[in-house]
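Colleague: What follows is work.pdb, made up of PDB, N, CA and C atoms:
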```pdb
ATOM      1  N   MET H   1     -44.919   9.533 -77.451
ATOM      2  CA  MET H   1     -44.984  10.794 -76.730
ATOM      3  C   MET H   1     -45.263  10.488 -75.250
ATOM      4  N   SER H   2     -44.615  11.240 -74.398
ATOM      5  CA  SER H   2     -44.753  10.977 -72.970
ATOM      6  C   SER H   2     -45.844  11.832 -72.346
ATOM      7  N   ASP H   3     -46.244  11.425 -71.175
ATOM      8  CA  ASP H   3     -47.146  12.233 -70.363
ATOM      9  C   ASP H   3     -46.254  13.179 -69.570
ATOM     10  N   ASP H   4     -46.277  14.454 -69.912
ATOM     11  CA  ASP H   4     -45.384  15.403 -69.257
ATOM     12  C   ASP H   4     -46.075  16.220 -68.168
ATOM     13  N   ALA H   5     -47.155  15.679 -67.607
ATOM     14  CA  ALA H   5     -47.882  16.391 -66.552
ATOM     15  C   ALA H   5     -46.996  16.665 -65.337
ATOM     16  N   TRP H   6     -45.989  15.870 -65.120
ATOM     17  CA  TRP H   6     -45.073  16.052 -63.992
ATOM     18  C   TRP H   6     -44.207  17.307 -64.169
ATOM     19  N   LEU H   7     -44.040  17.770 -65.415
ATOM     20  CA  LEU H   7     -43.133  18.882 -65.716
ATOM     21  C   LEU H   7     -43.860  20.210 -65.551
ATOM     22  N   THR H   8     -44.063  20.582 -64.301
ATOM     23  CA  THR H   8     -44.794  21.804 -63.967
ATOM     24  C   THR H   8     -43.848  22.998 -63.905
ATOM     25  N   ASP H   9     -44.415  24.184 -63.839
ATOM     26  CA  ASP H   9     -43.604  25.393 -63.663
ATOM     27  C   ASP H   9     -42.779  25.311 -62.383
ATOM     28  N   GLU H  10     -43.347  24.701 -61.345
ATOM     29  CA  GLU H  10     -42.640  24.569 -60.071
ATOM     30  C   GLU H  10     -41.430  23.655 -60.206
ATOM     31  N   VAL H  11     -41.564  22.566 -60.943
ATOM     32  CA  VAL H  11     -40.437  21.652 -61.160
ATOM     33  C   VAL H  11     -39.343  22.373 -61.944
ATOM     34  N   ILE H  12     -39.715  23.061 -63.003
ATOM     35  CA  ILE H  12     -38.734  23.784 -63.816
ATOM     36  C   ILE H  12     -38.035  24.843 -62.977
ATOM     37  N   ALA H  13     -38.781  25.559 -62.160
ATOM     38  CA  ALA H  13     -38.184  26.580 -61.292
ATOM     39  C   ALA H  13     -37.200  25.954 -60.304
ATOM     40  N   ALA H  14     -37.543  24.796 -59.758
ATOM     41  CA  ALA H  14     -36.656  24.124 -58.807
ATOM     42  C   ALA H  14     -35.375  23.652 -59.494
ATOM     43  N   VAL H  15     -35.498  23.103 -60.685
ATOM     44  CA  VAL H  15     -34.311  22.669 -61.437
ATOM     45  C   VAL H  15     -33.454  23.880 -61.770
ATOM     46  N   ALA H  16     -34.082  24.958 -62.234
ATOM     47  CA  ALA H  16     -33.336  26.170 -62.575
ATOM     48  C   ALA H  16     -32.612  26.721 -61.352
ATOM     49  N   HIS H  17     -33.288  26.779 -60.226
ATOM     50  CA  HIS H  17     -32.657  27.286 -59.000
ATOM     51  C   HIS H  17     -31.437  26.435 -58.639
ATOM     52  N   HIS H  18     -31.601  25.132 -58.681
ATOM     53  CA  HIS H  18     -30.496  24.226 -58.343
ATOM     54  C   HIS H  18     -29.331  24.402 -59.308
ATOM     55  N   MET H  19     -29.620  24.420 -60.609
ATOM     56  CA  MET H  19     -28.551  24.553 -61.606
ATOM     57  C   MET H  19     -27.851  25.903 -61.496
ATOM     58  N   ASN H  20     -28.604  26.955 -61.249
ATOM     59  CA  ASN H  20     -28.030  28.295 -61.234
ATOM     60  C   ASN H  20     -27.416  28.684 -59.894
ATOM     61  N   THR H  21     -27.633  27.846 -58.888
ATOM     62  CA  THR H  21     -27.041  28.077 -57.570
ATOM     63  C   THR H  21     -25.859  27.142 -57.331
ATOM     64  N   ASP H  22     -26.068  25.853 -57.603
ATOM     65  CA  ASP H  22     -25.061  24.837 -57.282
ATOM     66  C   ASP H  22     -24.207  24.389 -58.464
ATOM     67  N   HIS H  23     -24.609  24.707 -59.685
ATOM     68  CA  HIS H  23     -23.910  24.174 -60.858
ATOM     69  C   HIS H  23     -23.650  25.223 -61.937
ATOM     70  N   VAL H  24     -23.301  26.421 -61.515
ATOM     71  CA  VAL H  24     -23.067  27.519 -62.457
ATOM     72  C   VAL H  24     -21.991  27.130 -63.475
ATOM     73  N   ASP H  25     -20.889  26.567 -63.011
ATOM     74  CA  ASP H  25     -19.812  26.166 -63.916
ATOM     75  C   ASP H  25     -20.269  25.063 -64.865
ATOM     76  N   ASP H  26     -21.082  24.145 -64.374
ATOM     77  CA  ASP H  26     -21.586  23.057 -65.223
ATOM     78  C   ASP H  26     -22.467  23.598 -66.348
ATOM     79  N   ASN H  27     -23.250  24.628 -66.061
ATOM     80  CA  ASN H  27     -24.079  25.233 -67.106
ATOM     81  C   ASN H  27     -23.208  25.659 -68.283
ATOM     82  N   LEU H  28     -22.107  26.316 -67.985
ATOM     83  CA  LEU H  28     -21.220  26.801 -69.036
ATOM     84  C   LEU H  28     -20.552  25.643 -69.775
ATOM     85  N   VAL H  29     -20.128  24.631 -69.053
ATOM     86  CA  VAL H  29     -19.517  23.454 -69.686
ATOM     87  C   VAL H  29     -20.508  22.806 -70.653
ATOM     88  N   ILE H  30     -21.753  22.641 -70.229
ATOM     89  CA  ILE H  30     -22.778  22.036 -71.082
ATOM     90  C   ILE H  30     -22.985  22.865 -72.344
ATOM     91  N   CYS H  31     -23.086  24.169 -72.187
ATOM     92  CA  CYS H  31     -23.345  25.030 -73.346
ATOM     93  C   CYS H  31     -22.170  25.063 -74.307
ATOM     94  N   ARG H  32     -20.967  25.052 -73.778
ATOM     95  CA  ARG H  32     -19.783  25.034 -74.643
ATOM     96  C   ARG H  32     -19.569  23.674 -75.277
ATOM     97  N   GLY H  33     -19.903  22.622 -74.564
ATOM     98  CA  GLY H  33     -19.669  21.262 -75.045
ATOM     99  C   GLY H  33     -20.769  20.793 -75.981
ATOM    100  N   VAL H  34     -21.705  20.005 -75.463
ATOM    101  CA  VAL H  34     -22.762  19.456 -76.319
ATOM    102  C   VAL H  34     -23.677  20.532 -76.865
ATOM    103  N   GLY H  35     -23.703  21.710 -76.231
ATOM    104  CA  GLY H  35     -24.496  22.817 -76.752
ATOM    105  C   GLY H  35     -23.870  23.487 -77.953
ATOM    106  N   GLY H  36     -22.566  23.258 -78.165
ATOM    107  CA  GLY H  36     -21.880  23.781 -79.334
ATOM    108  C   GLY H  36     -21.648  25.278 -79.338
ATOM    109  N   CYS H  37     -21.896  25.942 -78.218
ATOM    110  CA  CYS H  37     -21.738  27.398 -78.139
ATOM    111  C   CYS H  37     -20.382  27.702 -77.503
ATOM    112  N   THR H  38     -19.319  27.436 -78.253
ATOM    113  CA  THR H  38     -17.962  27.552 -77.715
ATOM    114  C   THR H  38     -17.587  28.973 -77.330
ATOM    115  N   GLU H  39     -18.286  29.950 -77.881
ATOM    116  CA  GLU H  39     -17.982  31.345 -77.579
ATOM    117  C   GLU H  39     -18.645  31.843 -76.294
ATOM    118  N   ALA H  40     -19.456  31.013 -75.654
ATOM    119  CA  ALA H  40     -20.154  31.423 -74.429
ATOM    120  C   ALA H  40     -19.165  31.734 -73.312
ATOM    121  N   THR H  41     -19.438  32.812 -72.593
ATOM    122  CA  THR H  41     -18.622  33.180 -71.430
ATOM    123  C   THR H  41     -19.390  32.998 -70.125
ATOM    124  N   ALA H  42     -20.702  32.807 -70.212
ATOM    125  CA  ALA H  42     -21.552  32.546 -69.044
ATOM    126  C   ALA H  42     -22.815  31.859 -69.547
ATOM    127  N   ALA H  43     -23.437  31.095 -68.662
ATOM    128  CA  ALA H  43     -24.660  30.396 -69.048
ATOM    129  C   ALA H  43     -25.576  30.251 -67.841
ATOM    130  N   THR H  44     -26.862  30.459 -68.073
ATOM    131  CA  THR H  44     -27.877  30.334 -67.039
ATOM    132  C   THR H  44     -28.947  29.378 -67.529
ATOM    133  N   PHE H  45     -29.296  28.397 -66.703
ATOM    134  CA  PHE H  45     -30.381  27.464 -67.019
ATOM    135  C   PHE H  45     -31.689  28.238 -66.925
ATOM    136  N   VAL H  46     -32.482  28.229 -68.005
ATOM    137  CA  VAL H  46     -33.717  29.017 -67.997
ATOM    138  C   VAL H  46     -34.982  28.181 -68.186
ATOM    139  N   GLY H  47     -34.848  26.906 -68.520
ATOM    140  CA  GLY H  47     -36.046  26.095 -68.683
ATOM    141  C   GLY H  47     -35.737  24.757 -69.308
ATOM    142  N   MET H  48     -36.794  23.993 -69.509
ATOM    143  CA  MET H  48     -36.632  22.673 -70.103
ATOM    144  C   MET H  48     -37.959  22.153 -70.601
ATOM    145  N   THR H  49     -37.861  21.197 -71.500
ATOM    146  CA  THR H  49     -39.001  20.379 -71.894
ATOM    147  C   THR H  49     -38.593  18.951 -71.580
ATOM    148  N   THR H  50     -39.340  17.996 -72.040
ATOM    149  CA  THR H  50     -38.945  16.608 -71.809
ATOM    150  C   THR H  50     -37.793  16.188 -72.722
ATOM    151  N   THR H  51     -37.442  17.029 -73.704
ATOM    152  CA  THR H  51     -36.394  16.654 -74.661
ATOM    153  C   THR H  51     -35.191  17.584 -74.687
ATOM    154  N   VAL H  52     -35.298  18.787 -74.117
ATOM    155  CA  VAL H  52     -34.182  19.736 -74.150
ATOM    156  C   VAL H  52     -34.065  20.518 -72.844
ATOM    157  N   ALA H  53     -32.832  20.954 -72.577
ATOM    158  CA  ALA H  53     -32.575  21.938 -71.528
ATOM    159  C   ALA H  53     -32.339  23.264 -72.237
ATOM    160  N   ARG H  54     -32.876  24.350 -71.681
ATOM    161  CA  ARG H  54     -32.721  25.667 -72.289
ATOM    162  C   ARG H  54     -31.807  26.530 -71.417
ATOM    163  N   PHE H  55     -30.907  27.235 -72.083
ATOM    164  CA  PHE H  55     -29.954  28.097 -71.399
ATOM    165  C   PHE H  55     -29.926  29.460 -72.066
ATOM    166  N   SER H  56     -29.707  30.489 -71.274
ATOM    167  CA  SER H  56     -29.381  31.817 -71.782
ATOM    168  C   SER H  56     -27.869  31.919 -71.691
ATOM    169  N   VAL H  57     -27.219  32.200 -72.810
ATOM    170  CA  VAL H  57     -25.762  32.267 -72.828
ATOM    171  C   VAL H  57     -25.302  33.678 -73.156
ATOM    172  N   THR H  58     -24.235  34.069 -72.496
ATOM    173  CA  THR H  58     -23.582  35.337 -72.797
ATOM    174  C   THR H  58     -22.510  35.051 -73.828
ATOM    175  N   VAL H  59     -22.585  35.760 -74.929
ATOM    176  CA  VAL H  59     -21.630  35.621 -76.023
ATOM    177  C   VAL H  59     -21.153  37.019 -76.403
ATOM    178  N   PRO H  60     -20.053  37.113 -77.147
ATOM    179  CA  PRO H  60     -19.636  38.438 -77.592
ATOM    180  C   PRO H  60     -20.800  39.141 -78.295
ATOM    181  N   GLY H  61     -21.093  40.331 -77.854
ATOM    182  CA  GLY H  61     -22.173  41.096 -78.459
ATOM    183  C   GLY H  61     -23.518  40.962 -77.773
ATOM    184  N   GLY H  62     -23.633  40.124 -76.737
ATOM    185  CA  GLY H  62     -24.915  40.048 -76.043
ATOM    186  C   GLY H  62     -25.233  38.683 -75.480
ATOM    187  N   THR H  63     -26.513  38.363 -75.486
ATOM    188  CA  THR H  63     -26.978  37.070 -74.979
ATOM    189  C   THR H  63     -27.908  36.446 -75.998
ATOM    190  N   ARG H  64     -28.033  35.152 -75.910
ATOM    191  CA  ARG H  64     -29.000  34.427 -76.734
ATOM    192  C   ARG H  64     -29.390  33.157 -76.009
ATOM    193  N   GLU H  65     -30.480  32.562 -76.430
ATOM    194  CA  GLU H  65     -30.948  31.324 -75.824
ATOM    195  C   GLU H  65     -30.582  30.155 -76.719
ATOM    196  N   ILE H  66     -30.144  29.070 -76.088
ATOM    197  CA  ILE H  66     -29.879  27.843 -76.836
ATOM    198  C   ILE H  66     -30.621  26.683 -76.185
ATOM    199  N   GLU H  67     -30.886  25.670 -76.969
ATOM    200  CA  GLU H  67     -31.493  24.434 -76.479
ATOM    201  C   GLU H  67     -30.486  23.311 -76.643
ATOM    202  N   VAL H  68     -30.325  22.531 -75.599
ATOM    203  CA  VAL H  68     -29.394  21.411 -75.606
ATOM    204  C   VAL H  68     -30.212  20.132 -75.427
ATOM    205  N   PRO H  69     -30.231  19.252 -76.434
ATOM    206  CA  PRO H  69     -31.033  18.036 -76.340
ATOM    207  C   PRO H  69     -30.523  17.063 -75.281
ATOM    208  N   PHE H  70     -31.456  16.475 -74.561
ATOM    209  CA  PHE H  70     -31.116  15.386 -73.657
ATOM    210  C   PHE H  70     -30.826  14.134 -74.487
ATOM    211  N   ALA H  71     -30.070  13.202 -73.941
ATOM    212  CA  ALA H  71     -29.783  11.943 -74.629
ATOM    213  C   ALA H  71     -31.060  11.123 -74.797
ATOM    214  N   ASP H  72     -31.910  11.156 -73.791
ATOM    215  CA  ASP H  72     -33.184  10.432 -73.808
ATOM    216  C   ASP H  72     -34.287  11.373 -73.352
ATOM    217  N   GLU H  73     -35.497  11.097 -73.785
ATOM    218  CA  GLU H  73     -36.629  11.888 -73.317
ATOM    219  C   GLU H  73     -36.789  11.690 -71.816
ATOM    220  N   VAL H  74     -37.001  12.783 -71.103
ATOM    221  CA  VAL H  74     -37.184  12.739 -69.655
ATOM    222  C   VAL H  74     -38.668  12.500 -69.387
ATOM    223  N   THR H  75     -38.968  11.375 -68.775
ATOM    224  CA  THR H  75     -40.360  11.001 -68.581
ATOM    225  C   THR H  75     -40.831  11.117 -67.134
ATOM    226  N   GLU H  76     -39.891  11.440 -66.222
ATOM    227  CA  GLU H  76     -40.256  11.638 -64.822
ATOM    228  C   GLU H  76     -39.201  12.510 -64.152
ATOM    229  N   ARG H  77     -39.608  13.158 -63.075
ATOM    230  CA  ARG H  77     -38.715  14.111 -62.401
ATOM    231  C   ARG H  77     -37.412  13.474 -61.962
ATOM    232  N   ALA H  78     -37.463  12.264 -61.481
ATOM    233  CA  ALA H  78     -36.252  11.598 -60.985
ATOM    234  C   ALA H  78     -35.200  11.425 -62.075
ATOM    235  N   GLN H  79     -35.585  11.465 -63.313
ATOM    236  CA  GLN H  79     -34.675  11.274 -64.435
ATOM    237  C   GLN H  79     -33.899  12.558 -64.790
ATOM    238  N   VAL H  80     -34.372  13.710 -64.342
ATOM    239  CA  VAL H  80     -33.758  14.988 -64.711
ATOM    240  C   VAL H  80     -32.286  15.007 -64.300
ATOM    241  N   ARG H  81     -31.998  14.622 -63.089
ATOM    242  CA  ARG H  81     -30.621  14.683 -62.589
ATOM    243  C   ARG H  81     -29.674  13.871 -63.461
ATOM    244  N   SER H  82     -30.046  12.647 -63.800
ATOM    245  CA  SER H  82     -29.143  11.819 -64.593
ATOM    246  C   SER H  82     -28.966  12.362 -66.004
ATOM    247  N   GLU H  83     -30.010  12.918 -66.584
ATOM    248  CA  GLU H  83     -29.888  13.481 -67.927
ATOM    249  C   GLU H  83     -28.993  14.718 -67.940
ATOM    250  N   VAL H  84     -29.158  15.594 -66.959
ATOM    251  CA  VAL H  84     -28.314  16.794 -66.896
ATOM    252  C   VAL H  84     -26.871  16.401 -66.581
ATOM    253  N   ALA H  85     -26.684  15.444 -65.689
ATOM    254  CA  ALA H  85     -25.328  14.966 -65.389
ATOM    255  C   ALA H  85     -24.691  14.376 -66.641
ATOM    256  N   GLY H  86     -25.478  13.659 -67.433
ATOM    257  CA  GLY H  86     -24.969  13.107 -68.683
ATOM    258  C   GLY H  86     -24.518  14.196 -69.636
ATOM    259  N   LEU H  87     -25.295  15.278 -69.726
ATOM    260  CA  LEU H  87     -24.898  16.415 -70.564
ATOM    261  C   LEU H  87     -23.555  16.964 -70.106
ATOM    262  N   CYS H  88     -23.393  17.081 -68.806
ATOM    263  CA  CYS H  88     -22.162  17.640 -68.249
ATOM    264  C   CYS H  88     -20.973  16.716 -68.513
ATOM    265  N   HIS H  89     -21.148  15.432 -68.301
ATOM    266  CA  HIS H  89     -20.055  14.475 -68.518
ATOM    267  C   HIS H  89     -19.645  14.418 -69.987
ATOM    268  N   ARG H  90     -20.634  14.371 -70.892
ATOM    269  CA  ARG H  90     -20.326  14.343 -72.326
ATOM    270  C   ARG H  90     -19.641  15.640 -72.755
ATOM    271  N   SER H  91     -20.092  16.756 -72.199
ATOM    272  CA  SER H  91     -19.500  18.051 -72.534
ATOM    273  C   SER H  91     -18.061  18.136 -72.049
ATOM    274  N   ALA H  92     -17.812  17.701 -70.831
ATOM    275  CA  ALA H  92     -16.454  17.731 -70.303
ATOM    276  C   ALA H  92     -15.522  16.895 -71.185
ATOM    277  N   ALA H  93     -15.982  15.739 -71.612
ATOM    278  CA  ALA H  93     -15.180  14.896 -72.492
ATOM    279  C   ALA H  93     -14.900  15.597 -73.820
ATOM    280  N   LEU H  94     -15.922  16.212 -74.400
ATOM    281  CA  LEU H  94     -15.739  16.930 -75.666
ATOM    282  C   LEU H  94     -14.736  18.076 -75.536
ATOM    283  N   LEU H  95     -14.747  18.721 -74.390
ATOM    284  CA  LEU H  95     -13.894  19.888 -74.164
ATOM    285  C   LEU H  95     -12.517  19.523 -73.601
ATOM    286  N   GLY H  96     -12.289  18.222 -73.352
ATOM    287  CA  GLY H  96     -11.015  17.782 -72.811
ATOM    288  C   GLY H  96     -10.816  18.131 -71.350
ATOM    289  N   LEU H  97     -11.920  18.287 -70.630
ATOM    290  CA  LEU H  97     -11.859  18.589 -69.199
ATOM    291  C   LEU H  97     -11.845  17.301 -68.397
ATOM    292  N   PRO H  98     -11.241  17.320 -67.215
ATOM    293  CA  PRO H  98     -11.255  16.105 -66.392
ATOM    294  C   PRO H  98     -12.676  15.775 -65.948
ATOM    295  N   PRO H  99     -12.985  14.486 -65.827
ATOM    296  CA  PRO H  99     -14.325  14.101 -65.364
ATOM    297  C   PRO H  99     -14.536  14.535 -63.917
ATOM    298  N   ARG H 100     -15.788  14.881 -63.623
ATOM    299  CA  ARG H 100     -16.140  15.263 -62.247
ATOM    300  C   ARG H 100     -16.354  14.016 -61.422
ATOM    301  N   ALA H 101     -16.092  14.145 -60.153
ATOM    302  CA  ALA H 101     -16.289  13.009 -59.232
ATOM    303  C   ALA H 101     -17.748  12.800 -58.951
TER     304      ALA H 101
END
```
Show me the file's structure as structure tokens.
Modeller:
Amino acid sequence: MSDDAWLTDEVIAAVAHHMNTDHVDDNLVICRGVGGCTEATAATFVGMTTTVARFSVTVPGGTREIEVPFADEVTERAQVRSEVAGLCHRSAALLGLPPRA
């Protein structure tokens, strides 16, 4: 088990702001791909733990929350970017989308 003292509300808010401002399309790719929510039409990053990213997804009939596991436990803030990027790359591959630069 990791020491998750670094994972404060402020860190989660900063990650959410970044994902929901700069990576809106990536949120949806992640949820449709490794998140397995192929029916999602929109996705918003709403939180995380050291093992999952949480998203609110719009699906036919409403919204629901899903958790998407990271490949590895996130043990420090600097690792968040690579784990989320990994989710996006794996999702794009699963969905047959071209890799991002």
Colleague: Write out as a PDB file with N, CA and C atoms, in the coordinates of the input each polymer residue whose atoms come within 7 Å of Phe45 of chain H, counting all atoms listed in the file; drop sequence neighbours fewer than 2 positions from it.
Modeller:
```pdb
ATOM      1  N   VAL H  15     -35.498  23.103 -60.685  1.00  0.00           N
ATOM      2  CA  VAL H  15     -34.311  22.669 -61.437  1.00  0.00           C
ATOM      3  C   VAL H  15     -33.454  23.880 -61.770  1.00  0.00           C
ATOM      4  N   ALA H  16     -34.082  24.958 -62.234  1.00  0.00           N
ATOM      5  CA  ALA H  16     -33.336  26.170 -62.575  1.00  0.00           C
ATOM      6  C   ALA H  16     -32.612  26.721 -61.352  1.00  0.00           C
ATOM      7  N   MET H  19     -29.620  24.420 -60.609  1.00  0.00           N
ATOM      8  CA  MET H  19     -28.551  24.553 -61.606  1.00  0.00           C
ATOM      9  C   MET H  19     -27.851  25.903 -61.496  1.00  0.00           C
ATOM     10  N   ASN H  20     -28.604  26.955 -61.249  1.00  0.00           N
ATOM     11  CA  ASN H  20     -28.030  28.295 -61.234  1.00  0.00           C
ATOM     12  C   ASN H  20     -27.416  28.684 -59.894  1.00  0.00           C
ATOM     13  N   ASN H  27     -23.250  24.628 -66.061  1.00  0.00           N
ATOM     14  CA  ASN H  27     -24.079  25.233 -67.106  1.00  0.00           C
ATOM     15  C   ASN H  27     -23.208  25.659 -68.283  1.00  0.00           C
ATOM     16  N   ALA H  43     -23.437  31.095 -68.662  1.00  0.00           N
ATOM     17  CA  ALA H  43     -24.660  30.396 -69.048  1.00  0.00           C
ATOM     18  C   ALA H  43     -25.576  30.251 -67.841  1.00  0.00           C
ATOM     19  N   GLY H  47     -34.848  26.906 -68.520  1.00  0.00           N
ATOM     20  CA  GLY H  47     -36.046  26.095 -68.683  1.00  0.00           C
ATOM     21  C   GLY H  47     -35.737  24.757 -69.308  1.00  0.00           C
ATOM     22  N   ALA H  53     -32.832  20.954 -72.577  1.00  0.00           N
ATOM     23  CA  ALA H  53     -32.575  21.938 -71.528  1.00  0.00           C
ATOM     24  C   ALA H  53     -32.339  23.264 -72.237  1.00  0.00           C
ATOM     25  N   ARG H  54     -32.876  24.350 -71.681  1.00  0.00           N
ATOM     26  CA  ARG H  54     -32.721  25.667 -72.289  1.00  0.00           C
ATOM     27  C   ARG H  54     -31.807  26.530 -71.417  1.00  0.00           C
ATOM     28  N   PHE H  55     -30.907  27.235 -72.083  1.00  0.00           N
ATOM     29  CA  PHE H  55     -29.954  28.097 -71.399  1.00  0.00           C
ATOM     30  C   PHE H  55     -29.926  29.460 -72.066  1.00  0.00           C
ATOM     31  N   SER H  56     -29.707  30.489 -71.274  1.00  0.00           N
ATOM     32  CA  SER H  56     -29.381  31.817 -71.782  1.00  0.00           C
ATOM     33  C   SER H  56     -27.869  31.919 -71.691  1.00  0.00           C
TER      34      SER H  56
END
```
Colleague: Step by step, work through what the PyMOL selection byres (((chain H and resi 42 and name CA) around 10) and name CA) selects in the shown file, and finish by giving those residues as a list of chain:residue names.
Modeller: H:Val24, H:Asp25, H:Asn27, H:Leu28, H:Val29, H:Cys31, H:Arg32, H:Glu39, H:Ala40, H:Thr41, H:Ala43, H:Thr44, H:Phe55, H:Ser56, H:Val57, H:Thr58, H:Val59, H:Thr63
Colleague: Any idea what's packed within 10 Å of Glu83 of chain H, counting only C-alpha atoms, ignoring anything in its chain fewer than 6 positions away? Could you give it as a ChimeraX atom specification?
Modeller: /H:51-53,69-74,89
Colleague: Give the strand (DSSP E) residues of chain H, as DSSP finds them on the backbone, and put them as a ChimeraX atom specification.
Modeller: /H:42-48,52-59,62-69
Colleague: For those residues, write N, CA and C atoms to a file as a compact mmCIF listing (two decimals), keeping the file's coordinate frame.
Modeller:
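Listed below is the output, part.txt:
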```txt
# COMPACT_ATOMS: atom_id res chain seq x y z
N ALA H 42 -20.70 32.81 -70.21
CA ALA H 42 -21.55 32.55 -69.04
C ALA H 42 -22.82 31.86 -69.55
N ALA H 43 -23.44 31.10 -68.66
CA ALA H 43 -24.66 30.40 -69.05
C ALA H 43 -25.58 30.25 -67.84
N THR H 44 -26.86 30.46 -68.07
CA THR H 44 -27.88 30.33 -67.04
C THR H 44 -28.95 29.38 -67.53
N PHE H 45 -29.30 28.40 -66.70
CA PHE H 45 -30.38 27.46 -67.02
C PHE H 45 -31.69 28.24 -66.92
N VAL H 46 -32.48 28.23 -68.00
CA VAL H 46 -33.72 29.02 -68.00
C VAL H 46 -34.98 28.18 -68.19
N GLY H 47 -34.85 26.91 -68.52
CA GLY H 47 -36.05 26.10 -68.68
C GLY H 47 -35.74 24.76 -69.31
N MET H 48 -36.79 23.99 -69.51
CA MET H 48 -36.63 22.67 -70.10
C MET H 48 -37.96 22.15 -70.60
N VAL H 52 -35.30 18.79 -74.12
CA VAL H 52 -34.18 19.74 -74.15
C VAL H 52 -34.06 20.52 -72.84
N ALA H 53 -32.83 20.95 -72.58
CA ALA H 53 -32.58 21.94 -71.53
C ALA H 53 -32.34 23.26 -72.24
N ARG H 54 -32.88 24.35 -71.68
CA ARG H 54 -32.72 25.67 -72.29
C ARG H 54 -31.81 26.53 -71.42
N PHE H 55 -30.91 27.24 -72.08
CA PHE H 55 -29.95 28.10 -71.40
C PHE H 55 -29.93 29.46 -72.07
N SER H 56 -29.71 30.49 -71.27
CA SER H 56 -29.38 31.82 -71.78
C SER H 56 -27.87 31.92 -71.69
N VAL H 57 -27.22 32.20 -72.81
CA VAL H 57 -25.76 32.27 -72.83
C VAL H 57 -25.30 33.68 -73.16
N THR H 58 -24.24 34.07 -72.50
CA THR H 58 -23.58 35.34 -72.80
C THR H 58 -22.51 35.05 -73.83
N VAL H 59 -22.58 35.76 -74.93
CA VAL H 59 -21.63 35.62 -76.02
C VAL H 59 -21.15 37.02 -76.40
N GLY H 62 -23.63 40.12 -76.74
CA GLY H 62 -24.92 40.05 -76.04
C GLY H 62 -25.23 38.68 -75.48
N THR H 63 -26.51 38.36 -75.49
CA THR H 63 -26.98 37.07 -74.98
C THR H 63 -27.91 36.45 -76.00
N ARG H 64 -28.03 35.15 -75.91
CA ARG H 64 -29.00 34.43 -76.73
C ARG H 64 -29.39 33.16 -76.01
N GLU H 65 -30.48 32.56 -76.43
CA GLU H 65 -30.95 31.32 -75.82
C GLU H 65 -30.58 30.16 -76.72
N ILE H 66 -30.14 29.07 -76.09
CA ILE H 66 -29.88 27.84 -76.84
C ILE H 66 -30.62 26.68 -76.18
N GLU H 67 -30.89 25.67 -76.97
CA GLU H 67 -31.49 24.43 -76.48
C GLU H 67 -30.49 23.31 -76.64
N VAL H 68 -30.32 22.53 -75.60
CA VAL H 68 -29.39 21.41 -75.61
C VAL H 68 -30.21 20.13 -75.43
N PRO H 69 -30.23 19.25 -76.43
CA PRO H 69 -31.03 18.04 -76.34
C PRO H 69 -30.52 17.06 -75.28
```
Colleague: Selection in question (the file shown): the PyMOL selection byres ((chain H and resi 88) around 8). Which residues does it include, as a list in words?
Modeller: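 This file gives the following for the PyMOL selection byres ((chain H and resi 88) around 8): Asp26, Asn27, Val29, Ile30, Cys31, Val34, Ser82, Glu83, Val84, Ala85, Gly86, Leu87, His89, Arg90, Ser91, Ala92, Ala93, Leu94, Pro99 and Arg100 of chain H.
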